[in-house]
>>> print(open('protein35.cif').read())   # mmCIF, C-alpha atoms and all ligand atoms
data_my_file
#
loop_
_atom_site.group_PDB
_atom_site.id
_atom_site.type_symbol
_atom_site.label_atom_id
_atom_site.label_comp_id
_atom_site.auth_asym_id
_atom_site.auth_seq_id
_atom_site.Cartn_x
_atom_site.Cartn_y
_atom_site.Cartn_z
ATOM 1 C CA MET B 1 29.688 7.564 -7.333
ATOM 2 C CA PRO B 2 26.821 7.131 -9.797
ATOM 3 C CA LEU B 3 24.524 4.125 -9.776
ATOM 4 C CA GLU B 4 26.032 1.020 -11.335
ATOM 5 C CA LEU B 5 23.617 0.267 -14.160
ATOM 6 C CA THR B 6 25.832 -1.641 -16.554
ATOM 7 C CA GLY B 7 23.748 -4.341 -18.187
ATOM 8 C CA VAL B 8 20.481 -2.935 -16.834
ATOM 9 C CA ASP B 9 17.775 -2.152 -19.368
ATOM 10 C CA LEU B 10 15.715 0.373 -17.443
ATOM 11 C CA THR B 11 12.981 0.286 -20.061
ATOM 12 C CA THR B 12 12.094 -3.267 -19.092
ATOM 13 C CA GLU B 13 13.470 -3.573 -15.561
ATOM 14 C CA GLU B 14 11.156 -5.341 -13.113
ATOM 15 C CA ILE B 15 11.429 -6.187 -9.448
ATOM 16 C CA ARG B 16 9.615 -9.058 -7.783
ATOM 17 C CA THR B 17 8.893 -9.487 -4.104
ATOM 18 C CA ASP B 18 6.989 -12.142 -2.229
ATOM 19 C CA ARG B 19 3.666 -10.624 -3.265
ATOM 20 C CA LEU B 20 4.393 -7.847 -5.702
ATOM 21 C CA LEU B 21 5.632 -7.184 -9.182
ATOM 22 C CA LEU B 22 7.085 -3.714 -9.796
ATOM 23 C CA ARG B 23 7.111 -3.294 -13.542
ATOM 24 C CA PRO B 24 7.096 -0.618 -16.241
ATOM 25 C CA PRO B 25 3.733 1.085 -16.721
ATOM 26 C CA ARG B 26 1.853 -0.072 -19.834
ATOM 27 C CA PRO B 27 -0.872 1.539 -21.933
ATOM 28 C CA ASP B 28 -3.447 -0.881 -20.521
ATOM 29 C CA ASP B 29 -2.801 0.509 -17.005
ATOM 30 C CA GLU B 30 -4.526 3.730 -17.990
ATOM 31 C CA ASP B 31 -7.941 2.931 -16.506
ATOM 32 C CA ALA B 32 -6.607 1.702 -13.167
ATOM 33 C CA VAL B 33 -4.191 4.623 -12.824
ATOM 34 C CA LEU B 34 -6.977 7.050 -13.622
ATOM 35 C CA ARG B 35 -9.281 5.430 -11.073
ATOM 36 C CA ALA B 36 -6.684 5.308 -8.312
ATOM 37 C CA CYS B 37 -5.657 8.905 -8.884
ATOM 38 C CA GLN B 38 -9.174 10.185 -8.229
ATOM 39 C CA ASP B 39 -8.591 9.361 -4.554
ATOM 40 C CA PRO B 40 -8.396 12.552 -2.470
ATOM 41 C CA ASP B 41 -5.445 11.305 -0.426
ATOM 42 C CA VAL B 42 -3.440 10.388 -3.514
ATOM 43 C CA LEU B 43 -4.114 13.845 -4.946
ATOM 44 C CA ARG B 44 -3.432 15.583 -1.671
ATOM 45 C CA TRP B 45 -0.138 13.962 -0.829
ATOM 46 C CA THR B 46 1.472 13.092 -4.151
ATOM 47 C CA ALA B 47 2.952 16.392 -5.252
ATOM 48 C CA SER B 48 3.716 15.328 -8.801
ATOM 49 C CA LEU B 49 0.043 14.732 -9.606
ATOM 50 C CA PRO B 50 -2.114 17.340 -11.296
ATOM 51 C CA ASP B 51 -5.443 17.992 -9.584
ATOM 52 C CA PRO B 52 -7.910 17.266 -11.108
ATOM 53 C CA TYR B 53 -6.291 14.169 -12.536
ATOM 54 C CA THR B 54 -7.715 13.441 -15.968
ATOM 55 C CA ARG B 55 -7.649 10.573 -18.411
ATOM 56 C CA ASP B 56 -5.135 12.533 -20.464
ATOM 57 C CA ASP B 57 -2.849 12.685 -17.416
ATOM 58 C CA ALA B 58 -3.090 8.930 -16.880
ATOM 59 C CA ARG B 59 -2.533 8.245 -20.563
ATOM 60 C CA ALA B 60 0.460 10.558 -20.735
ATOM 61 C CA TRP B 61 2.052 8.946 -17.703
ATOM 62 C CA VAL B 62 1.687 5.326 -18.823
ATOM 63 C CA ARG B 63 2.545 5.970 -22.475
ATOM 64 C CA ASP B 64 5.082 8.790 -22.466
ATOM 65 C CA ILE B 65 6.252 10.175 -19.132
ATOM 66 C CA ALA B 66 7.141 7.002 -17.254
ATOM 67 C CA PRO B 67 8.665 5.255 -20.306
ATOM 68 C CA GLY B 68 10.578 8.445 -21.068
ATOM 69 C CA GLU B 69 12.041 8.638 -17.584
ATOM 70 C CA ARG B 70 13.171 5.040 -17.793
ATOM 71 C CA ALA B 71 14.590 5.448 -21.288
ATOM 72 C CA GLY B 72 16.336 8.665 -20.284
ATOM 73 C CA GLY B 73 17.959 7.118 -17.225
ATOM 74 C CA LYS B 74 16.174 9.503 -14.896
ATOM 75 C CA GLY B 75 14.517 6.960 -12.685
ATOM 76 C CA LEU B 76 12.551 3.779 -12.271
ATOM 77 C CA PRO B 77 8.822 4.591 -12.155
ATOM 78 C CA CYS B 78 6.806 1.419 -11.664
ATOM 79 C CA VAL B 79 3.297 0.114 -11.532
ATOM 80 C CA VAL B 80 2.893 -2.109 -8.498
ATOM 81 C CA GLU B 81 0.942 -5.248 -9.254
ATOM 82 C CA ALA B 82 -0.381 -7.936 -6.918
ATOM 83 C CA ALA B 83 -2.106 -11.080 -8.140
ATOM 84 C CA GLY B 84 -2.197 -9.659 -11.649
ATOM 85 C CA GLY B 85 -3.907 -6.369 -10.774
ATOM 86 C CA LEU B 86 -2.645 -2.841 -10.266
ATOM 87 C CA VAL B 87 -2.468 -1.962 -6.577
ATOM 88 C CA GLY B 88 -0.326 1.143 -6.736
ATOM 89 C CA SER B 89 2.692 2.890 -8.059
ATOM 90 C CA ALA B 90 6.161 3.215 -6.619
ATOM 91 C CA GLY B 91 9.424 4.324 -8.030
ATOM 92 C CA LEU B 92 12.828 5.850 -7.779
ATOM 93 C CA VAL B 93 14.161 9.114 -9.091
ATOM 94 C CA PHE B 94 17.889 9.065 -9.655
ATOM 95 C CA LEU B 95 19.471 12.106 -8.030
ATOM 96 C CA ASP B 96 23.114 13.093 -8.187
ATOM 97 C CA ALA B 97 26.078 11.178 -6.851
ATOM 98 C CA GLY B 98 24.412 7.801 -6.551
ATOM 99 C CA ARG B 99 21.509 9.051 -4.496
ATOM 100 C CA VAL B 100 17.918 8.169 -5.203
ATOM 101 C CA GLU B 101 14.537 9.291 -3.944
ATOM 102 C CA VAL B 102 11.687 6.860 -3.433
ATOM 103 C CA GLY B 103 7.977 7.632 -3.752
ATOM 104 C CA TYR B 104 4.734 5.662 -3.818
ATOM 105 C CA TRP B 105 0.980 5.559 -3.617
ATOM 106 C CA THR B 106 -1.333 2.649 -3.024
ATOM 107 C CA ALA B 107 -4.720 2.479 -4.720
ATOM 108 C CA PRO B 108 -7.586 2.974 -2.263
ATOM 109 C CA TRP B 109 -8.810 -0.572 -2.931
ATOM 110 C CA ALA B 110 -5.524 -2.110 -1.826
ATOM 111 C CA ARG B 111 -4.484 -0.282 1.323
ATOM 112 C CA ARG B 112 -3.344 -1.565 4.709
ATOM 113 C CA ARG B 113 -1.948 -4.784 3.279
ATOM 114 C CA GLY B 114 1.677 -3.724 3.565
ATOM 115 C CA TYR B 115 2.065 -3.114 -0.156
ATOM 116 C CA ALA B 116 3.622 0.362 0.078
ATOM 117 C CA THR B 117 6.104 -0.888 2.651
ATOM 118 C CA GLU B 118 6.966 -3.968 0.635
ATOM 119 C CA ALA B 119 7.413 -1.970 -2.576
ATOM 120 C CA THR B 120 9.604 0.569 -0.785
ATOM 121 C CA VAL B 121 11.803 -2.117 0.717
ATOM 122 C CA ALA B 122 12.155 -3.689 -2.711
ATOM 123 C CA LEU B 123 13.177 -0.402 -4.313
ATOM 124 C CA VAL B 124 15.691 0.262 -1.552
ATOM 125 C CA GLY B 125 17.132 -3.206 -2.084
ATOM 126 C CA TRP B 126 17.340 -2.584 -5.825
ATOM 127 C CA ALA B 127 19.033 0.779 -5.281
ATOM 128 C CA PHE B 128 21.662 -0.629 -2.935
ATOM 129 C CA ALA B 129 22.218 -3.591 -5.220
ATOM 130 C CA HIS B 130 23.055 -1.026 -7.898
ATOM 131 C CA ALA B 131 25.506 0.881 -5.726
ATOM 132 C CA ALA B 132 23.283 3.687 -4.468
ATOM 133 C CA GLU B 133 24.907 5.627 -1.656
ATOM 134 C CA GLY B 134 21.652 6.581 0.007
ATOM 135 C CA VAL B 135 17.911 6.738 -0.391
ATOM 136 C CA LEU B 136 15.793 9.793 0.382
ATOM 137 C CA LEU B 137 12.092 9.685 1.209
ATOM 138 C CA ARG B 138 10.046 12.802 1.807
ATOM 139 C CA ALA B 139 6.488 12.833 3.071
ATOM 140 C CA ALA B 140 4.403 15.881 3.882
ATOM 141 C CA VAL B 141 4.446 16.647 7.573
ATOM 142 C CA GLY B 142 0.725 15.891 7.818
ATOM 143 C CA ASN B 143 1.014 12.592 5.990
ATOM 144 C CA THR B 144 1.408 10.335 8.993
ATOM 145 C CA ALA B 145 0.496 7.197 7.032
ATOM 146 C CA SER B 146 3.387 7.694 4.625
ATOM 147 C CA GLN B 147 5.755 8.484 7.475
ATOM 148 C CA GLU B 148 4.836 5.185 9.075
ATOM 149 C CA VAL B 149 5.560 3.410 5.798
ATOM 150 C CA ALA B 150 8.977 5.080 5.810
ATOM 151 C CA ARG B 151 9.722 3.915 9.342
ATOM 152 C CA ARG B 152 8.560 0.390 8.612
ATOM 153 C CA ALA B 153 10.783 0.284 5.554
ATOM 154 C CA GLY B 154 13.767 1.050 7.757
ATOM 155 C CA PHE B 155 14.205 4.770 7.133
ATOM 156 C CA ARG B 156 15.383 7.146 9.803
ATOM 157 C CA PRO B 157 13.724 10.526 10.275
ATOM 158 C CA ASP B 158 16.042 13.414 9.483
ATOM 159 C CA GLY B 159 14.129 16.538 10.335
ATOM 160 C CA VAL B 160 11.786 18.787 8.439
ATOM 161 C CA GLN B 161 12.491 20.545 5.180
ATOM 162 C CA HIS B 162 10.403 23.694 5.237
ATOM 163 C CA GLY B 163 8.526 24.021 1.959
ATOM 164 C CA GLY B 164 10.446 20.998 0.709
ATOM 165 C CA ILE B 165 7.585 19.588 -1.328
ATOM 166 C CA ARG B 166 6.499 21.754 -4.215
ATOM 167 C CA ARG B 167 3.091 21.060 -5.670
ATOM 168 C CA LEU B 168 2.167 21.632 -9.279
ATOM 169 C CA ASP B 169 0.077 24.669 -8.341
ATOM 170 C CA GLY B 170 3.199 26.263 -6.897
ATOM 171 C CA THR B 171 2.243 25.853 -3.246
ATOM 172 C CA ARG B 172 4.667 24.143 -0.939
ATOM 173 C CA LEU B 173 4.318 21.663 1.884
ATOM 174 C CA ASP B 174 6.748 21.074 4.702
ATOM 175 C CA ALA B 175 8.447 17.739 4.200
ATOM 176 C CA ALA B 176 9.305 15.207 6.863
ATOM 177 C CA VAL B 177 12.644 13.936 5.599
ATOM 178 C CA PHE B 178 13.679 10.300 5.920
ATOM 179 C CA ARG B 179 16.948 8.776 4.848
ATOM 180 C CA LEU B 180 18.545 5.424 4.496
ATOM 181 C CA GLU B 181 22.287 5.485 3.936
ATOM 182 C CA ARG B 182 24.357 2.670 2.595
ATOM 183 C CA SER B 183 26.993 1.780 5.107
ATOM 184 C CA GLY B 184 30.586 1.406 4.069
ATOM 185 C CA ARG B 185 29.842 -2.279 3.893
ATOM 186 C CA ASP B 186 28.860 -4.286 0.878
ATOM 187 C CA ALA B 187 25.536 -3.122 -0.552
ATOM 188 C CA GLU B 188 24.400 -6.717 -0.583
ATOM 189 C CA THR B 189 24.039 -6.607 3.176
ATOM 190 C CA ALA B 190 22.165 -3.335 3.255
ATOM 191 C CA CYS B 191 18.580 -4.504 3.238
ATOM 192 C CA PRO B 192 16.689 -3.019 6.150
ATOM 193 C CA VAL B 193 13.835 -5.431 6.647
ATOM 194 C CA SER B 194 13.992 -9.148 7.076
ATOM 195 C CA GLY B 195 11.850 -11.626 5.253
ATOM 196 C CA HIS B 196 11.652 -10.026 1.830
ATOM 197 C CA VAL B 197 13.138 -12.097 -0.927
ATOM 198 C CA THR B 198 13.353 -10.129 -4.126
ATOM 199 C CA HIS B 199 14.464 -10.655 -7.681
ATOM 200 C CA SER B 200 15.002 -8.105 -10.360
ATOM 201 C CA LYS B 201 15.631 -8.746 -14.000
ATOM 202 C CA SER B 202 19.082 -7.291 -13.747
ATOM 203 C CA HIS B 203 20.180 -8.534 -10.363
ATOM 204 C CA ASP B 204 19.604 -11.649 -8.366
ATOM 205 C CA MET B 205 18.640 -10.063 -5.102
ATOM 206 C CA CYS B 206 17.960 -13.456 -3.582
ATOM 207 C CA ARG B 207 21.615 -13.241 -2.686
ATOM 208 C CA LEU B 208 20.901 -10.367 -0.336
ATOM 209 C CA ILE B 209 22.013 -11.259 3.140
ATOM 210 C CA ILE B 210 19.290 -9.739 5.184
ATOM 211 C CA THR B 211 20.730 -8.086 8.246
ATOM 212 C CA PRO B 212 20.314 -4.483 9.345
ATOM 213 C CA PRO B 213 23.739 -2.812 9.076
ATOM 214 C CA ILE B 214 22.234 0.562 8.296
ATOM 215 C CA ARG B 215 24.325 3.628 8.980
ATOM 216 C CA TRP B 216 21.883 6.400 9.659
ATOM 217 C CA CYS B 217 22.558 9.690 8.023
ATOM 218 C CA GLY B 218 23.243 12.565 10.357
ATOM 219 C CA GLU B 219 23.183 15.168 7.620
ATOM 220 C CA ALA B 220 21.604 18.447 8.669
ATOM 221 C CA SER B 221 17.972 18.579 7.751
ATOM 222 C CA GLY B 222 16.930 20.969 5.051
ATOM 223 C CA SER B 223 20.330 20.911 3.445
ATOM 224 C CA HIS B 224 19.420 18.555 0.673
ATOM 225 C CA GLU B 225 17.275 19.604 -2.232
ATOM 226 C CA ALA B 226 16.037 16.729 -4.282
ATOM 227 C CA ALA B 227 13.706 15.644 -6.988
ATOM 228 C CA GLY B 228 10.226 14.468 -6.152
ATOM 229 C CA CYS B 229 9.497 10.944 -7.178
ATOM 230 C CA ASP B 230 7.294 10.593 -10.199
ATOM 231 C CA VAL B 231 4.449 8.237 -9.516
ATOM 232 C CA ALA B 232 1.853 8.826 -12.221
ATOM 233 C CA GLY B 233 2.684 12.500 -12.211
ATOM 234 C CA ARG B 234 4.072 14.970 -14.672
ATOM 235 C CA GLY B 235 7.653 13.841 -14.587
ATOM 236 C CA ALA B 236 10.664 13.787 -12.351
ATOM 237 C CA ASP B 237 12.192 16.920 -13.800
ATOM 238 C CA ARG B 238 9.247 18.937 -12.656
ATOM 239 C CA GLU B 239 10.483 18.837 -9.072
ATOM 240 C CA ARG B 240 14.082 19.663 -9.739
ATOM 241 C CA ARG B 241 15.164 22.965 -8.387
HETATM 242 C C1 LIG J 301 0.415 6.200 2.499
HETATM 243 C C2 LIG J 301 0.052 5.033 1.619
HETATM 244 C C3 LIG J 301 1.045 4.942 0.475
HETATM 245 C C4 LIG J 301 0.129 3.748 2.455
HETATM 246 O O1 LIG J 301 -0.077 2.651 1.569
HETATM 247 P P1 LIG J 301 -0.377 1.184 2.136
HETATM 248 O O2 LIG J 301 -0.042 0.211 1.072
HETATM 249 O O3 LIG J 301 -1.758 1.152 2.697
HETATM 250 O O4 LIG J 301 0.678 1.110 3.324
HETATM 251 P P2 LIG J 301 1.066 -0.176 4.203
HETATM 252 O O5 LIG J 301 -0.037 -1.179 4.137
HETATM 253 O O6 LIG J 301 2.434 -0.591 3.793
HETATM 254 O O7 LIG J 301 1.054 0.495 5.650
HETATM 255 C C5 LIG J 301 2.115 0.334 6.559
HETATM 256 C C6 LIG J 301 1.703 0.980 7.872
HETATM 257 O O8 LIG J 301 1.560 2.380 7.703
HETATM 258 C C7 LIG J 301 0.504 2.834 8.571
HETATM 259 N N1 LIG J 301 -0.605 3.334 7.763
HETATM 260 C C8 LIG J 301 -0.843 3.125 6.455
HETATM 261 N N2 LIG J 301 -1.966 3.760 6.078
HETATM 262 C C9 LIG J 301 -2.459 4.364 7.188
HETATM 263 C C10 LIG J 301 -3.588 5.182 7.429
HETATM 264 N N3 LIG J 301 -4.454 5.514 6.460
HETATM 265 N N4 LIG J 301 -3.783 5.645 8.690
HETATM 266 C C11 LIG J 301 -2.919 5.343 9.674
HETATM 267 N N5 LIG J 301 -1.810 4.572 9.494
HETATM 268 C C12 LIG J 301 -1.598 4.100 8.265
HETATM 269 C C13 LIG J 301 0.040 1.647 9.359
HETATM 270 O O9 LIG J 301 0.816 1.584 10.528
HETATM 271 C C14 LIG J 301 0.376 0.521 8.408
HETATM 272 O O10 LIG J 301 0.539 -0.719 9.030
HETATM 273 P P3 LIG J 301 -0.779 -1.532 9.552
HETATM 274 O O11 LIG J 301 -1.753 -1.567 8.419
HETATM 275 O O12 LIG J 301 -0.193 -2.884 9.885
HETATM 276 O O13 LIG J 301 -1.295 -0.787 10.752
HETATM 277 C C15 LIG J 301 -1.396 5.149 1.061
HETATM 278 O O14 LIG J 301 -2.279 5.425 2.123
HETATM 279 C C16 LIG J 301 -1.531 6.232 0.007
HETATM 280 O O15 LIG J 301 -1.382 5.950 -1.175
HETATM 281 N N6 LIG J 301 -1.781 7.469 0.445
HETATM 282 C C17 LIG J 301 -1.953 8.583 -0.500
HETATM 283 C C18 LIG J 301 -0.690 8.890 -1.312
HETATM 284 C C19 LIG J 301 0.516 9.098 -0.427
HETATM 285 O O16 LIG J 301 0.426 9.562 0.697
HETATM 286 N N7 LIG J 301 1.692 8.751 -0.975
HETATM 287 C C20 LIG J 301 2.941 8.971 -0.301
HETATM 288 C C21 LIG J 301 3.451 10.347 -0.579
HETATM 289 S S1 LIG J 301 4.949 10.680 0.355
#
>>> encode(input="protein35.cif", output="structure tokens", more="lines below")
Ligand SMILES: CC(C)(COP(=O)(O)OP(=O)(O)OC[C@H]1O[C@@H](n2cnc3c(N)ncnc32)[C@H](O)[C@@H]1OP(=O)(O)O)[C@@H](O)C(=O)NCCC(=O)NCCS
Amino acid sequence: MPLELTGVDLTTEEIRTDRLLLRPPRPDDEDAVLRACQDPDVLRWTASLPDPYTRDDARAWVRDIAPGERAGGKGLPCVVEAAGGLVGSAGLVFLDAGRVEVGYWTAPWARRRGYATEATVALVGWAFAHAAEGVLLRAAVGNTASQEVARRAGFRPDGVQHGGIRRLDGTRLDAAVFRLERSGRDAETACPVSGHVTHSKSHDMCRLIITPPIRWCGEASGSHEAAGCDVAGRGADRERR
């Protein structure tokens, strides 16, 4: 079943958490995106980013690519803001059959404050509130920090996808696959982490009853090919196989 997006304007959709605002990228994010994407770890582990990452790349993402993905119903790329400043990017790519993939980076000046985890939990909550069947998260095998974010956000490891992450230069990285499946129960009970109260423009997620009824996916690893999440990169379609 596809996502239920009736009444959702993806071009303006925002999600709020206790500390964060996940909102559409804007032209005035260009400088902060450019600065954050000079970080070697962001460039190393975020496959959708060109390396070197130039001002033109940042400008294209905030002005054209991210708005285009939202307008085209391909996903929900977001700037993550805390206390009025950009602290990262996180987003969803809409796959087939109500499945989504989540991705993120945190700016080097804002790390180890739980922002990536909080943004991921919020996006998972949004996806389940809009009838997603499951959420995929793939991190390079060597990216232990991102794998820990996945675990903390309630994802279950589901093996390794050999060469599952394709970089812009054509090289591939093995992907540690994580999944979070919606149970057969009401999506409104499918929030994996307690204590996060979230609102989105389209859905009052305060009504989420926060208990962990997650049904872990036992799907064979490597069997699922998916899109990479576009977080300040060159677009979700780039990763489609
Ligand atoms: C991975 C990344 C997104 C983490 O962002 P973050 O906002 O700092 O993550 P959180 O604060 O939510 O971290 C949650 C936990 O993950 C683990 N973790 C995060 N960064 C870590 C690091 N550099 N080294 C070891 N563990 C780390 C810690 O256990 C951390 O909890 P703690 O700070 O209480 O110990 C960030 O380092 C980053 O942007 N890296 C480069 C891009 C990237 O890897 N993106 C993901 C691609 S799949």
>>> resolve_selection(input="protein35.cif", expression="the PyMOL selection byres (((not hetatm)) within 10 of (chain J and resi 301))", output="PyMOL selection string")
chain B and resi 36-37+39-48+87-90+102-121+137-153+165+175-177+228-229+231
>>> closest_residue(input="protein35.cif", among="B:Phe94, B:Phe128, B:Phe155, B:Phe178", to="His203 in chain B", atoms="only C-alpha atoms")
B:Phe128
>>> resolve_selection(input="protein35.cif", expression="the PyMOL selection byres (((chain B and resi 53-66) around 9) and not hetatm)", output="number ranges by chain")
B: 24-34, 37-38, 43, 49-52, 67-71, 75-78, 230-236
>>> atom_distance(input="protein35.cif", atom1="CA of Asp158 in chain B", atom2="CA of Gly91 in chain B")
20.8 Å
>>> closest_residue(input="protein35.cif", among="B:Leu86, B:Met1, B:His162, B:Asp9", to="Gly72 in chain B", atoms="only C-alpha atoms")
B:Asp9
>>> atom_distance(input="protein35.cif", atom1="CA of Arg166 in chain B", atom2="CA of Val100 in chain B")
17.8 Å
>>> atom_distance(input="protein35.cif", atom1="CA of Leu3 in chain B", atom2="CA of Gly154 in chain B")
20.8 Å
>>> residues_around(input="protein35.cif", residues="Gly7 in chain B", least_positions_apart="6", cutoff="12 Å", atoms="all atoms listed in the file", output="ChimeraX atom specification")
/B:13,130,201-203
>>> axis_aligned_box(input="protein35.cif", around="range 33-43 of chain B", padding_each_side="3 Å", output="AutoDock Vina command-line options")
--center_x -6.4 --center_y 9.2 --center_z -7.0 --size_x 11.8 --size_y 15.2 --size_z 19.2
